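Q: Encoded as structure tokens, here's the structure I'll be asking about.
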Amino acid sequence: MLETIIMALGLAVDASCVSMSNAMAEKNMRTLKALAIAALFGIFQAVMPMFGYFAGTLISKYISAFIPVIALIILSALGIKMIVECVKDKAKKSDGVREKTLRVSEILIQAFATSIDALSIGVVYVNSSIGSAMLSFGIIGAITFLLSFIAFFVGKKFGTLVKNRAAIIGGIILIAIGLKIFLEYIISLGG
């Protein structure tokens with residue numbers, strides 16, 4: 001159980017950072033929307049290992065090498081898009097950056113991109129009973145939900161401190177998370 005909690009904390013970091021980034025980008029985000037985003041992140045983090053569990057080691061062997069690359073591309077694209085929109089809006093408005101409003105499609109892409117590494121976690125549980133595996137995946141989802149929701153408030157507070165630069169910082173965070181996932185994979189190949 002302790003191993004599952006530690007694994008869940010590690011998996012939740014990326015989603016939590018994205019949640020914080022979202023709060024900085026959309027300064028007036030309502031708590032209900034943040035709750036929905038955190039729930040979506042938690043659901044994706046719980047469901048992706050289920051796919052890995054049922055697909056087993058056969059499929060995982062073929063796609064595990066692509067997971068870090070996919071995460072890097074998706075998160076970098078979202079981060080660059082956020083930065084470009086912020087710079088364009090700043091050029092259009094002399095009084096600063098207009099508020100960004102996250103669309104459902106962007107949130108779904110974020111949830112997928114931050115949970116794609118959890119796919120391979122399901123393979124770790126292939127030899128476990130289905131009940132034990134599902135309990136572990138539920139714990140992963142619950143911890144991701146909780147940390148993502150807490151991170152929203154941290155991002156909201158931080159976003160008000162940095163004001164108009166929040167969307168740029170949020171974009172940089174998304175790119176950094178993508179690079180982190182990719183570099184961890186590259187490093188694991190050497191070890």
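The chains in the structure tokens are called A, B, ... from first to last as shown; in each chain the residues are counted from 1, and the ligands are counted from 1 in the order shown.
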Please run DSSP on the backbone and report, as a tab-separated table (two decimals) with N, CA and C atoms, in the first residue's frame, all residues within segment 31-183 of chain A that come out as alpha helix (DSSP H).

A:
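Once written, part.tsv looks like this:
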```tsv
chain	number	residue	atom	x	y	z
A	31	THR	N	-13.91	27.87	-8.52
A	31	THR	CA	-13.51	26.68	-7.78
A	31	THR	C	-14.18	25.43	-8.34
A	32	LEU	N	-15.41	25.54	-8.80
A	32	LEU	CA	-16.12	24.39	-9.36
A	32	LEU	C	-15.42	23.88	-10.63
A	33	LYS	N	-14.93	24.79	-11.46
A	33	LYS	CA	-14.20	24.39	-12.66
A	33	LYS	C	-12.88	23.71	-12.26
A	34	ALA	N	-12.21	24.27	-11.27
A	34	ALA	CA	-10.96	23.67	-10.79
A	34	ALA	C	-11.22	22.28	-10.22
A	35	LEU	N	-12.33	22.12	-9.54
A	35	LEU	CA	-12.72	20.81	-9.00
A	35	LEU	C	-12.95	19.82	-10.13
A	36	ALA	N	-13.62	20.26	-11.19
A	36	ALA	CA	-13.88	19.40	-12.35
A	36	ALA	C	-12.58	19.02	-13.05
A	37	ILE	N	-11.66	19.97	-13.18
A	37	ILE	CA	-10.37	19.68	-13.82
A	37	ILE	C	-9.59	18.68	-12.98
A	38	ALA	N	-9.54	18.89	-11.67
A	38	ALA	CA	-8.83	17.96	-10.78
A	38	ALA	C	-9.45	16.57	-10.86
A	39	ALA	N	-10.78	16.51	-10.92
A	39	ALA	CA	-11.46	15.21	-11.04
A	39	ALA	C	-11.09	14.53	-12.35
A	40	LEU	N	-11.05	15.30	-13.43
A	40	LEU	CA	-10.69	14.74	-14.73
A	40	LEU	C	-9.26	14.22	-14.72
A	41	PHE	N	-8.34	14.98	-14.12
A	41	PHE	CA	-6.96	14.52	-14.00
A	41	PHE	C	-6.90	13.22	-13.20
A	42	GLY	N	-7.65	13.16	-12.10
A	42	GLY	CA	-7.67	11.96	-11.27
A	42	GLY	C	-8.24	10.76	-12.02
A	43	ILE	N	-9.31	10.99	-12.78
A	43	ILE	CA	-9.92	9.90	-13.55
A	43	ILE	C	-8.93	9.37	-14.59
A	44	PHE	N	-8.29	10.27	-15.31
A	44	PHE	CA	-7.32	9.83	-16.31
A	44	PHE	C	-6.17	9.06	-15.67
A	45	GLN	N	-5.70	9.53	-14.50
A	45	GLN	CA	-4.59	8.85	-13.83
A	45	GLN	C	-5.01	7.47	-13.33
A	46	ALA	N	-6.29	7.27	-13.05
A	46	ALA	CA	-6.78	5.96	-12.62
A	46	ALA	C	-7.07	5.04	-13.80
A	47	VAL	N	-7.55	5.60	-14.90
A	47	VAL	CA	-7.95	4.80	-16.05
A	47	VAL	C	-6.74	4.34	-16.88
A	48	MET	N	-5.77	5.19	-17.05
A	48	MET	CA	-4.62	4.82	-17.89
A	48	MET	C	-3.90	3.57	-17.38
A	49	PRO	N	-3.66	3.41	-16.07
A	49	PRO	CA	-3.04	2.16	-15.62
A	49	PRO	C	-3.93	0.94	-15.88
A	50	MET	N	-5.25	1.16	-15.87
A	50	MET	CA	-6.17	0.05	-16.17
A	50	MET	C	-5.92	-0.46	-17.59
A	51	PHE	N	-5.73	0.47	-18.52
A	51	PHE	CA	-5.41	0.06	-19.89
A	51	PHE	C	-4.11	-0.73	-19.93
A	52	GLY	N	-3.12	-0.23	-19.20
A	52	GLY	CA	-1.84	-0.93	-19.14
A	52	GLY	C	-1.97	-2.31	-18.52
A	53	TYR	N	-2.79	-2.40	-17.49
A	53	TYR	CA	-3.02	-3.67	-16.80
A	53	TYR	C	-3.64	-4.69	-17.76
A	54	PHE	N	-4.68	-4.27	-18.46
A	54	PHE	CA	-5.39	-5.20	-19.33
A	54	PHE	C	-4.62	-5.48	-20.63
A	55	ALA	N	-3.88	-4.52	-21.08
A	55	ALA	CA	-3.10	-4.74	-22.29
A	55	ALA	C	-1.91	-5.66	-22.01
A	56	GLY	N	-1.45	-5.61	-20.76
A	56	GLY	CA	-0.35	-6.48	-20.37
A	56	GLY	C	0.97	-6.06	-20.96
A	57	THR	N	1.93	-6.88	-20.77
A	57	THR	CA	3.27	-6.55	-21.20
A	57	THR	C	3.45	-6.57	-22.71
A	58	LEU	N	2.62	-7.31	-23.42
A	58	LEU	CA	2.76	-7.41	-24.87
A	58	LEU	C	2.69	-6.05	-25.54
A	59	ILE	N	1.60	-5.33	-25.33
A	59	ILE	CA	1.42	-4.03	-25.96
A	59	ILE	C	2.33	-2.99	-25.32
A	60	SER	N	2.51	-3.08	-24.03
A	60	SER	CA	3.32	-2.09	-23.33
A	60	SER	C	4.74	-2.04	-23.88
A	61	LYS	N	5.29	-3.20	-24.24
A	61	LYS	CA	6.64	-3.23	-24.80
A	61	LYS	C	6.74	-2.37	-26.06
A	62	TYR	N	5.70	-2.40	-26.85
A	62	TYR	CA	5.73	-1.69	-28.13
A	62	TYR	C	5.48	-0.19	-28.01
A	63	ILE	N	4.69	0.22	-27.02
A	63	ILE	CA	4.36	1.64	-26.93
A	63	ILE	C	5.13	2.40	-25.86
A	67	ILE	N	5.79	6.76	-25.31
A	67	ILE	CA	5.05	7.53	-24.30
A	67	ILE	C	5.75	8.83	-23.94
A	68	PRO	N	7.05	8.83	-23.63
A	68	PRO	CA	7.72	10.10	-23.29
A	68	PRO	C	7.73	11.09	-24.46
A	69	VAL	N	7.88	10.59	-25.67
A	69	VAL	CA	7.90	11.47	-26.84
A	69	VAL	C	6.52	12.10	-27.05
A	70	ILE	N	5.47	11.30	-26.91
A	70	ILE	CA	4.10	11.81	-27.06
A	70	ILE	C	3.82	12.88	-25.99
A	71	ALA	N	4.20	12.60	-24.74
A	71	ALA	CA	4.00	13.58	-23.66
A	71	ALA	C	4.77	14.87	-23.94
A	72	LEU	N	6.01	14.74	-24.41
A	72	LEU	CA	6.82	15.93	-24.73
A	72	LEU	C	6.15	16.76	-25.82
A	73	ILE	N	5.71	16.12	-26.88
A	73	ILE	CA	5.09	16.85	-27.99
A	73	ILE	C	3.81	17.54	-27.56
A	74	ILE	N	2.94	16.81	-26.87
A	74	ILE	CA	1.64	17.38	-26.47
A	74	ILE	C	1.83	18.53	-25.49
A	75	LEU	N	2.60	18.31	-24.43
A	75	LEU	CA	2.77	19.36	-23.42
A	75	LEU	C	3.53	20.56	-23.97
A	76	SER	N	4.51	20.32	-24.82
A	76	SER	CA	5.24	21.44	-25.43
A	76	SER	C	4.34	22.25	-26.35
A	77	ALA	N	3.52	21.55	-27.13
A	77	ALA	CA	2.59	22.26	-28.02
A	77	ALA	C	1.61	23.12	-27.22
A	78	LEU	N	1.08	22.56	-26.12
A	78	LEU	CA	0.17	23.34	-25.28
A	78	LEU	C	0.88	24.53	-24.64
A	79	GLY	N	2.11	24.31	-24.17
A	79	GLY	CA	2.87	25.39	-23.55
A	79	GLY	C	3.23	26.49	-24.53
A	80	ILE	N	3.67	26.11	-25.72
A	80	ILE	CA	4.00	27.10	-26.75
A	80	ILE	C	2.76	27.88	-27.15
A	81	LYS	N	1.65	27.18	-27.30
A	81	LYS	CA	0.38	27.83	-27.65
A	81	LYS	C	-0.01	28.86	-26.58
A	82	MET	N	0.15	28.49	-25.32
A	82	MET	CA	-0.19	29.40	-24.22
A	82	MET	C	0.71	30.64	-24.25
A	83	ILE	N	2.00	30.46	-24.49
A	83	ILE	CA	2.94	31.58	-24.53
A	83	ILE	C	2.64	32.48	-25.72
A	84	VAL	N	2.42	31.88	-26.90
A	84	VAL	CA	2.15	32.66	-28.11
A	84	VAL	C	0.86	33.47	-27.94
A	85	GLU	N	-0.18	32.85	-27.40
A	85	GLU	CA	-1.43	33.58	-27.18
A	85	GLU	C	-1.24	34.75	-26.23
A	86	CYS	N	-0.44	34.54	-25.20
A	86	CYS	CA	-0.17	35.59	-24.23
A	86	CYS	C	0.57	36.75	-24.88
A	87	VAL	N	1.58	36.44	-25.67
A	87	VAL	CA	2.37	37.49	-26.34
A	87	VAL	C	1.50	38.24	-27.35
A	88	LYS	N	0.69	37.51	-28.12
A	88	LYS	CA	-0.21	38.15	-29.09
A	88	LYS	C	-1.20	39.07	-28.39
A	89	ASP	N	-1.79	38.58	-27.30
A	89	ASP	CA	-2.76	39.38	-26.57
A	89	ASP	C	-2.12	40.62	-25.95
A	90	LYS	N	-0.88	40.47	-25.49
A	90	LYS	CA	-0.17	41.59	-24.89
A	90	LYS	C	0.09	42.66	-25.94
A	91	ALA	N	0.41	42.23	-27.17
A	91	ALA	CA	0.67	43.18	-28.25
A	91	ALA	C	-0.63	43.90	-28.65
A	92	LYS	N	-1.75	43.22	-28.55
A	92	LYS	CA	-3.03	43.81	-28.93
A	92	LYS	C	-3.55	44.80	-27.89
A	104	VAL	N	-12.58	22.96	-22.91
A	104	VAL	CA	-12.68	21.56	-22.54
A	104	VAL	C	-11.67	20.72	-23.32
A	105	SER	N	-11.51	21.01	-24.60
A	105	SER	CA	-10.56	20.24	-25.43
A	105	SER	C	-9.14	20.37	-24.88
A	106	GLU	N	-8.75	21.56	-24.44
A	106	GLU	CA	-7.41	21.75	-23.89
A	106	GLU	C	-7.24	20.97	-22.59
A	107	ILE	N	-8.27	20.98	-21.77
A	107	ILE	CA	-8.21	20.27	-20.49
A	107	ILE	C	-8.11	18.76	-20.71
A	108	LEU	N	-8.87	18.25	-21.68
A	108	LEU	CA	-8.80	16.82	-21.99
A	108	LEU	C	-7.41	16.42	-22.49
A	109	ILE	N	-6.83	17.27	-23.33
A	109	ILE	CA	-5.48	16.99	-23.83
A	109	ILE	C	-4.48	17.01	-22.68
A	110	GLN	N	-4.62	17.97	-21.78
A	110	GLN	CA	-3.73	18.04	-20.62
A	110	GLN	C	-3.87	16.77	-19.76
A	111	ALA	N	-5.11	16.37	-19.51
A	111	ALA	CA	-5.34	15.17	-18.69
A	111	ALA	C	-4.72	13.94	-19.33
A	112	PHE	N	-4.86	13.81	-20.64
A	112	PHE	CA	-4.27	12.68	-21.35
A	112	PHE	C	-2.75	12.75	-21.30
A	113	ALA	N	-2.19	13.91	-21.60
A	113	ALA	CA	-0.73	14.05	-21.67
A	113	ALA	C	-0.06	13.82	-20.32
A	114	THR	N	-0.69	14.27	-19.24
A	114	THR	CA	-0.07	14.09	-17.93
A	114	THR	C	-0.28	12.69	-17.37
A	115	SER	N	-1.21	11.93	-17.95
A	115	SER	CA	-1.46	10.58	-17.43
A	115	SER	C	-0.91	9.48	-18.32
A	121	ILE	N	2.41	1.93	-15.76
A	121	ILE	CA	2.28	1.51	-14.35
A	121	ILE	C	1.36	0.30	-14.25
A	122	GLY	N	0.35	0.24	-15.11
A	122	GLY	CA	-0.57	-0.90	-15.08
A	122	GLY	C	0.12	-2.22	-15.28
A	123	VAL	N	1.18	-2.22	-16.06
A	123	VAL	CA	1.93	-3.45	-16.33
A	123	VAL	C	2.58	-3.98	-15.05
A	124	VAL	N	2.95	-3.08	-14.15
A	124	VAL	CA	3.56	-3.48	-12.88
A	124	VAL	C	2.60	-4.38	-12.09
A	130	ILE	N	-7.15	-8.68	-9.88
A	130	ILE	CA	-7.82	-7.53	-10.48
A	130	ILE	C	-8.33	-6.56	-9.40
A	131	GLY	N	-8.80	-7.10	-8.29
A	131	GLY	CA	-9.28	-6.25	-7.19
A	131	GLY	C	-8.18	-5.41	-6.59
A	132	SER	N	-7.03	-6.03	-6.36
A	132	SER	CA	-5.88	-5.32	-5.80
A	132	SER	C	-5.38	-4.25	-6.76
A	133	ALA	N	-5.32	-4.59	-8.03
A	133	ALA	CA	-4.86	-3.63	-9.05
A	133	ALA	C	-5.82	-2.44	-9.14
A	134	MET	N	-7.12	-2.70	-9.17
A	134	MET	CA	-8.10	-1.63	-9.29
A	134	MET	C	-8.08	-0.71	-8.07
A	135	LEU	N	-7.86	-1.30	-6.89
A	135	LEU	CA	-7.74	-0.50	-5.67
A	135	LEU	C	-6.54	0.43	-5.78
A	136	SER	N	-5.42	-0.10	-6.25
A	136	SER	CA	-4.22	0.73	-6.41
A	136	SER	C	-4.45	1.85	-7.42
A	137	PHE	N	-5.12	1.55	-8.52
A	137	PHE	CA	-5.39	2.57	-9.53
A	137	PHE	C	-6.35	3.63	-9.00
A	138	GLY	N	-7.28	3.20	-8.16
A	138	GLY	CA	-8.20	4.16	-7.52
A	138	GLY	C	-7.46	5.10	-6.57
A	139	ILE	N	-6.49	4.55	-5.85
A	139	ILE	CA	-5.67	5.37	-4.94
A	139	ILE	C	-4.86	6.38	-5.75
A	140	ILE	N	-4.29	5.94	-6.86
A	140	ILE	CA	-3.53	6.83	-7.74
A	140	ILE	C	-4.43	7.97	-8.22
A	141	GLY	N	-5.63	7.65	-8.65
A	141	GLY	CA	-6.57	8.67	-9.12
A	141	GLY	C	-6.98	9.63	-8.02
A	142	ALA	N	-7.25	9.09	-6.84
A	142	ALA	CA	-7.68	9.94	-5.71
A	142	ALA	C	-6.58	10.90	-5.28
A	143	ILE	N	-5.36	10.41	-5.20
A	143	ILE	CA	-4.25	11.28	-4.81
A	143	ILE	C	-4.00	12.35	-5.87
A	144	THR	N	-4.09	11.96	-7.14
A	144	THR	CA	-3.93	12.95	-8.21
A	144	THR	C	-5.00	14.02	-8.12
A	145	PHE	N	-6.24	13.61	-7.90
A	145	PHE	CA	-7.34	14.56	-7.74
A	145	PHE	C	-7.04	15.53	-6.61
A	146	LEU	N	-6.70	15.01	-5.45
A	146	LEU	CA	-6.47	15.84	-4.27
A	146	LEU	C	-5.32	16.83	-4.49
A	147	LEU	N	-4.20	16.34	-4.99
A	147	LEU	CA	-3.04	17.22	-5.20
A	147	LEU	C	-3.29	18.25	-6.30
A	148	SER	N	-4.01	17.85	-7.34
A	148	SER	CA	-4.32	18.79	-8.43
A	148	SER	C	-5.24	19.90	-7.93
A	149	PHE	N	-6.17	19.55	-7.07
A	149	PHE	CA	-7.09	20.56	-6.53
A	149	PHE	C	-6.35	21.51	-5.60
A	150	ILE	N	-5.47	20.99	-4.77
A	150	ILE	CA	-4.66	21.84	-3.89
A	150	ILE	C	-3.75	22.75	-4.73
A	151	ALA	N	-3.17	22.19	-5.78
A	151	ALA	CA	-2.26	22.95	-6.65
A	151	ALA	C	-2.99	24.12	-7.33
A	152	PHE	N	-4.27	23.95	-7.59
A	152	PHE	CA	-5.07	25.05	-8.16
A	152	PHE	C	-4.98	26.29	-7.27
A	153	PHE	N	-5.13	26.12	-5.97
A	153	PHE	CA	-5.09	27.26	-5.05
A	153	PHE	C	-3.69	27.86	-4.97
A	154	VAL	N	-2.67	27.02	-5.04
A	154	VAL	CA	-1.29	27.52	-5.06
A	154	VAL	C	-1.08	28.35	-6.32
A	155	GLY	N	-1.53	27.83	-7.46
A	155	GLY	CA	-1.39	28.55	-8.73
A	155	GLY	C	-2.17	29.84	-8.74
A	156	LYS	N	-3.34	29.83	-8.15
A	156	LYS	CA	-4.17	31.03	-8.10
A	156	LYS	C	-3.47	32.13	-7.29
A	157	LYS	N	-2.90	31.74	-6.18
A	157	LYS	CA	-2.16	32.70	-5.34
A	157	LYS	C	-0.91	33.19	-6.06
A	158	PHE	N	-0.17	32.27	-6.65
A	158	PHE	CA	1.06	32.62	-7.37
A	158	PHE	C	0.73	33.48	-8.59
A	159	GLY	N	-0.37	33.14	-9.27
A	159	GLY	CA	-0.79	33.88	-10.46
A	159	GLY	C	-1.10	35.34	-10.16
A	160	THR	N	-1.69	35.60	-9.00
A	160	THR	CA	-1.99	36.99	-8.65
A	160	THR	C	-0.72	37.76	-8.32
A	161	LEU	N	0.30	37.05	-7.88
A	161	LEU	CA	1.57	37.71	-7.57
A	161	LEU	C	2.33	38.10	-8.84
A	162	VAL	N	2.27	37.25	-9.88
A	162	VAL	CA	3.02	37.54	-11.10
A	162	VAL	C	2.18	38.22	-12.17
A	166	ALA	N	1.69	35.39	-15.81
A	166	ALA	CA	1.24	34.08	-15.36
A	166	ALA	C	1.05	33.10	-16.51
A	167	ALA	N	0.46	33.54	-17.61
A	167	ALA	CA	0.23	32.63	-18.75
A	167	ALA	C	1.56	32.19	-19.37
A	168	ILE	N	2.52	33.10	-19.41
A	168	ILE	CA	3.84	32.74	-19.94
A	168	ILE	C	4.52	31.74	-19.02
A	169	ILE	N	4.45	31.99	-17.72
A	169	ILE	CA	5.04	31.06	-16.75
A	169	ILE	C	4.33	29.70	-16.84
A	170	GLY	N	3.02	29.72	-16.97
A	170	GLY	CA	2.26	28.48	-17.11
A	170	GLY	C	2.69	27.70	-18.35
A	171	GLY	N	2.89	28.39	-19.46
A	171	GLY	CA	3.36	27.74	-20.68
A	171	GLY	C	4.74	27.13	-20.50
A	172	ILE	N	5.61	27.86	-19.84
A	172	ILE	CA	6.96	27.36	-19.58
A	172	ILE	C	6.89	26.12	-18.69
A	173	ILE	N	6.00	26.12	-17.71
A	173	ILE	CA	5.83	24.95	-16.84
A	173	ILE	C	5.39	23.73	-17.64
A	174	LEU	N	4.44	23.91	-18.56
A	174	LEU	CA	3.98	22.79	-19.37
A	174	LEU	C	5.13	22.21	-20.21
A	175	ILE	N	5.91	23.09	-20.82
A	175	ILE	CA	7.06	22.64	-21.62
A	175	ILE	C	8.07	21.91	-20.73
A	176	ALA	N	8.31	22.45	-19.55
A	176	ALA	CA	9.26	21.84	-18.62
A	176	ALA	C	8.80	20.45	-18.19
A	177	ILE	N	7.51	20.28	-17.96
A	177	ILE	CA	6.99	18.96	-17.58
A	177	ILE	C	7.21	17.97	-18.71
A	178	GLY	N	6.92	18.39	-19.93
A	178	GLY	CA	7.15	17.52	-21.09
A	178	GLY	C	8.62	17.13	-21.21
A	179	LEU	N	9.51	18.10	-21.03
A	179	LEU	CA	10.95	17.81	-21.07
A	179	LEU	C	11.37	16.88	-19.94
A	180	LYS	N	10.80	17.08	-18.76
A	180	LYS	CA	11.12	16.23	-17.61
A	180	LYS	C	10.76	14.78	-17.90
A	181	ILE	N	9.57	14.54	-18.42
A	181	ILE	CA	9.13	13.18	-18.74
A	181	ILE	C	10.07	12.56	-19.77
A	182	PHE	N	10.40	13.34	-20.80
A	182	PHE	CA	11.27	12.85	-21.87
A	182	PHE	C	12.68	12.56	-21.36
A	183	LEU	N	13.25	13.49	-20.58
A	183	LEU	CA	14.61	13.32	-20.07
A	183	LEU	C	14.71	12.16	-19.08
```

Q: Report, in Å to a single decimal, how far apart atom CA of Leu11 of chain A and atom CA of Tyr185 of chain A are.

A: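 Taking atom CA of Tyr185 of chain A and atom CA of Leu11 of chain A, their separation equals 14.2 Å.
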
Q: Between atom CA of Glu26 of chain A and atom CA of Lys100 of chain A, measure the distance and give it in Å to one decimal.

A: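 Atom CA of Lys100 of chain A lies at a distance of 5.1 Å from atom CA of Glu26 of chain A.
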
Q: Measuring between only C-alpha atoms, which one of A:Arg103, A:Ile5, A:Val126, A:Gly10 shows the shortest distance to Asn22 of chain A?

A: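 For Asn22 of chain A, the nearest of the given residues is A:Arg103.
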
Q: Work out how far atom CA of Ala118 of chain A is from atom CA of Thr101 of chain A, in Å to one decimal.

A: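 Those two atoms sit 27.4 Å apart.
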